[in-house]
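Read the structure below first, then the notes.
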Amino acid sequence: MIEGKRIAVFISGRGSNFKAIMEEIKKGTIKGRIVLVVSDNPDAPGLSYARENNIECAVFKKKNSDSRSEYFKKIISELKMKNIELIILAGFMKILSPYIVGLYRNRILNIHPALLPSFPGEHAQKKALDHGVKYSGCTVHFVDEGVDSGPIIAQKAVAVKDGDTEQTLSDRILEKEHVIYPEAVRLFCDNMLSVKGRRVFTKM
């Protein structure tokens, strides 16, 4: 396994995109190493997969007394100890604090199940169906202080079928997520991405 950049993955559930990225790392196509998996859910199924692959896990349950800033400062402390160079959000269900976004500017990736800037936020697939679009898809983007509003790295379109439900559309979009998310991580780890304003360029 190539050492490369030191990566932390944030999950809240099964972490299917985490698994897709990890499989590419095992193949050697991504020059990076996942050294930490962070979760807000101690029962997240993705934690079992991480432990099976000898990846250290850290669970941070938010206490009622914690502000969002205080909660993420605890996580940041762990990230600094691990010398993390890239954060990958893979189904992490908490909005990051502005402080962690600023500290890791253009070093936090997220994937969203829609063709941004259309349908940000939750239930993107349902919003796409309700709106009657003919194409939906997924978007990998850098995280900024907004909701699904950061510079776009990659997108993949998925045709909407007449008989689609939220679940069937979600399943087909997820298949494309497992393709473009590892590719975006590969480009980052190869130092192939540059950000100018809102645009992300791939170096040739």
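Identifiers in the structure tokens: chain A, B, ... in order shown; residue index from 1 per chain; ligand index from 1 in order shown.
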Contacts of stretch 76-151 of chain A with stretch 162-181 of chain A up to 6 Å, shortest pair per row, only C-alpha atoms, as CSV:
residue,atom,partner,partner_atom,distance
A:Gln125,CA,A:Glu166,CA,5.8
A:Lys126,CA,A:Glu166,CA,5.4
A:Gly137,CA,A:Ile173,CA,5.6
Export of the given selection (C-alpha atoms) as an mmCIF file, in the first residue's frame:
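As written to disk, again_35.cif reads:
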data_model
loop_
_atom_site.group_PDB
_atom_site.id
_atom_site.type_symbol
_atom_site.label_atom_id
_atom_site.label_comp_id
_atom_site.auth_asym_id
_atom_site.auth_seq_id
_atom_site.Cartn_x
_atom_site.Cartn_y
_atom_site.Cartn_z
ATOM 1 C CA GLN A 125 -32.887 12.704 -4.876
ATOM 2 C CA LYS A 126 -36.483 13.355 -3.788
ATOM 3 C CA GLY A 137 -26.291 12.746 -10.611
#
Show me a table, sorted first by chain and then by increasing residue number, of the residues of stretch 139-172 of chain A having an atom at most 8 Å from stretch 92-100 of chain A, each with its shortest atom pair and the distance in Å to one decimal, counting only C-alpha atoms and written as a tab-separated table.
residue	atom	partner	partner_atom	distance
A:Asp144	CA	A:Pro98	CA	8.0
A:Glu145	CA	A:Pro98	CA	5.6
A:Val147	CA	A:Ile95	CA	7.9
Grab the residues selected above and save them as a PDB file, in the first residue's frame with C-alpha atoms.
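New file part.pdb:
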ATOM      1  CA  ASP A 144     -16.658  25.714   2.306  1.00  0.00           C
ATOM      2  CA  GLU A 145     -18.710  27.439   5.008  1.00  0.00           C
ATOM      3  CA  VAL A 147     -24.123  23.840   2.554  1.00  0.00           C
TER       4      VAL A 147
END
For A:Glu3: contacts at 7 Å, only C-alpha atoms, fewer than 5 positions along chain excluded, given as a PyMOL selection string: chain A and resi 31-33
Take the residues that were just selected and, keeping C-alpha atoms, output them as a short mmCIF file (atom, residue, chain, number, x, y, z; two decimals), in the first residue's frame.
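Writing done, so here's again.cif:
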data_model
loop_
_atom_site.label_atom_id
_atom_site.label_comp_id
_atom_site.auth_asym_id
_atom_site.auth_seq_id
_atom_site.Cartn_x
_atom_site.Cartn_y
_atom_site.Cartn_z
CA LYS A 31 -1.31 7.68 -3.33
CA GLY A 32 -2.71 8.08 0.14
CA ARG A 33 -3.26 6.27 3.40
#
So which bits of chain A end up alpha helix (DSSP H) when you DSSP the backbone, as a PyMOL selection string? chain A and resi 16-27+45-52+68-81+98-103+124-131+166-189
Go ahead and save the residues from that selection, with C-alpha atoms, as a CSV table (one decimal), in the first residue's frame.
chain,number,residue,atom,x,y,z
A,16,SER,CA,-19.9,3.0,1.3
A,17,ASN,CA,-17.9,5.7,-0.3
A,18,PHE,CA,-15.2,5.2,2.3
A,19,LYS,CA,-15.1,1.5,1.3
A,20,ALA,CA,-14.9,2.4,-2.4
A,21,ILE,CA,-12.0,4.8,-1.7
A,22,MET,CA,-10.2,2.3,0.5
A,23,GLU,CA,-10.4,-0.4,-2.2
A,24,GLU,CA,-8.7,1.9,-4.6
A,25,ILE,CA,-6.0,2.7,-2.0
A,26,LYS,CA,-5.4,-1.1,-1.6
A,27,LYS,CA,-5.0,-1.4,-5.4
A,45,PRO,CA,-21.3,0.1,10.5
A,46,GLY,CA,-18.4,1.7,8.7
A,47,LEU,CA,-16.3,1.6,11.9
A,48,SER,CA,-16.3,-2.2,11.7
A,49,TYR,CA,-14.9,-2.1,8.2
A,50,ALA,CA,-12.2,0.4,9.4
A,51,ARG,CA,-11.2,-1.9,12.2
A,52,GLU,CA,-11.1,-4.9,9.9
A,68,ARG,CA,-20.4,23.3,17.6
A,69,SER,CA,-17.1,25.0,17.8
A,70,GLU,CA,-16.1,23.2,21.0
A,71,TYR,CA,-17.1,19.8,19.5
A,72,PHE,CA,-15.0,20.3,16.4
A,73,LYS,CA,-12.0,21.6,18.4
A,74,LYS,CA,-11.8,18.1,20.0
A,75,ILE,CA,-11.8,16.5,16.5
A,76,ILE,CA,-9.2,19.0,15.3
A,77,SER,CA,-6.9,18.1,18.1
A,78,GLU,CA,-7.0,14.4,17.0
A,79,LEU,CA,-6.5,15.4,13.3
A,80,LYS,CA,-3.4,17.5,14.3
A,81,MET,CA,-1.9,14.6,16.3
A,98,PRO,CA,-16.3,27.4,10.1
A,99,TYR,CA,-13.1,27.0,12.1
A,100,ILE,CA,-12.3,23.5,10.8
A,101,VAL,CA,-13.3,24.5,7.3
A,102,GLY,CA,-10.9,27.5,7.5
A,103,LEU,CA,-8.1,25.4,9.0
A,124,ALA,CA,-31.6,15.7,-2.9
A,125,GLN,CA,-32.9,12.7,-4.9
A,126,LYS,CA,-36.5,13.4,-3.8
A,127,LYS,CA,-36.1,17.0,-4.7
A,128,ALA,CA,-34.9,16.1,-8.1
A,129,LEU,CA,-37.8,13.8,-8.7
A,130,ASP,CA,-40.3,16.3,-7.3
A,131,HIS,CA,-38.9,18.9,-9.7
A,166,GLU,CA,-36.3,8.0,-4.5
A,167,GLN,CA,-34.7,4.7,-3.7
A,168,THR,CA,-34.0,3.5,-7.3
A,169,LEU,CA,-32.6,6.9,-8.3
A,170,SER,CA,-30.5,7.0,-5.2
A,171,ASP,CA,-29.1,3.5,-5.9
A,172,ARG,CA,-28.0,4.4,-9.4
A,173,ILE,CA,-26.5,7.7,-8.3
A,174,LEU,CA,-24.5,5.8,-5.6
A,175,GLU,CA,-23.0,3.6,-8.2
A,176,LYS,CA,-21.5,6.7,-9.9
A,177,GLU,CA,-20.4,8.1,-6.5
A,178,HIS,CA,-18.2,5.1,-6.1
A,179,VAL,CA,-16.5,5.9,-9.4
A,180,ILE,CA,-16.0,9.7,-9.2
A,181,TYR,CA,-15.2,10.0,-5.5
A,182,PRO,CA,-12.1,7.8,-5.6
A,183,GLU,CA,-11.0,9.5,-8.8
A,184,ALA,CA,-11.3,13.0,-7.1
A,185,VAL,CA,-9.3,11.7,-4.1
A,186,ARG,CA,-6.6,10.3,-6.5
A,187,LEU,CA,-6.3,13.7,-8.3
A,188,PHE,CA,-6.0,15.5,-4.9
A,189,CYS,CA,-3.3,13.0,-3.7
How would you write, as a list in words, the set of residues in stretch 44-183 of chain A that DSSP gives as strand (DSSP E)?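 Assigned to strand (DSSP E), within stretch 44-183 of chain A: Glu56, Cys57, Ala58, Val59, Leu86, Ile87, Ile88, Leu89, Ile108, Leu109, Asn110, Ile111, His112, Tyr135, Ser136, Gly137, Cys138, Thr139, Val140, His141, Phe142, Ile152, Ile153, Ala154, Gln155, Lys156, Ala157, Val158 and Ala159 of chain A.
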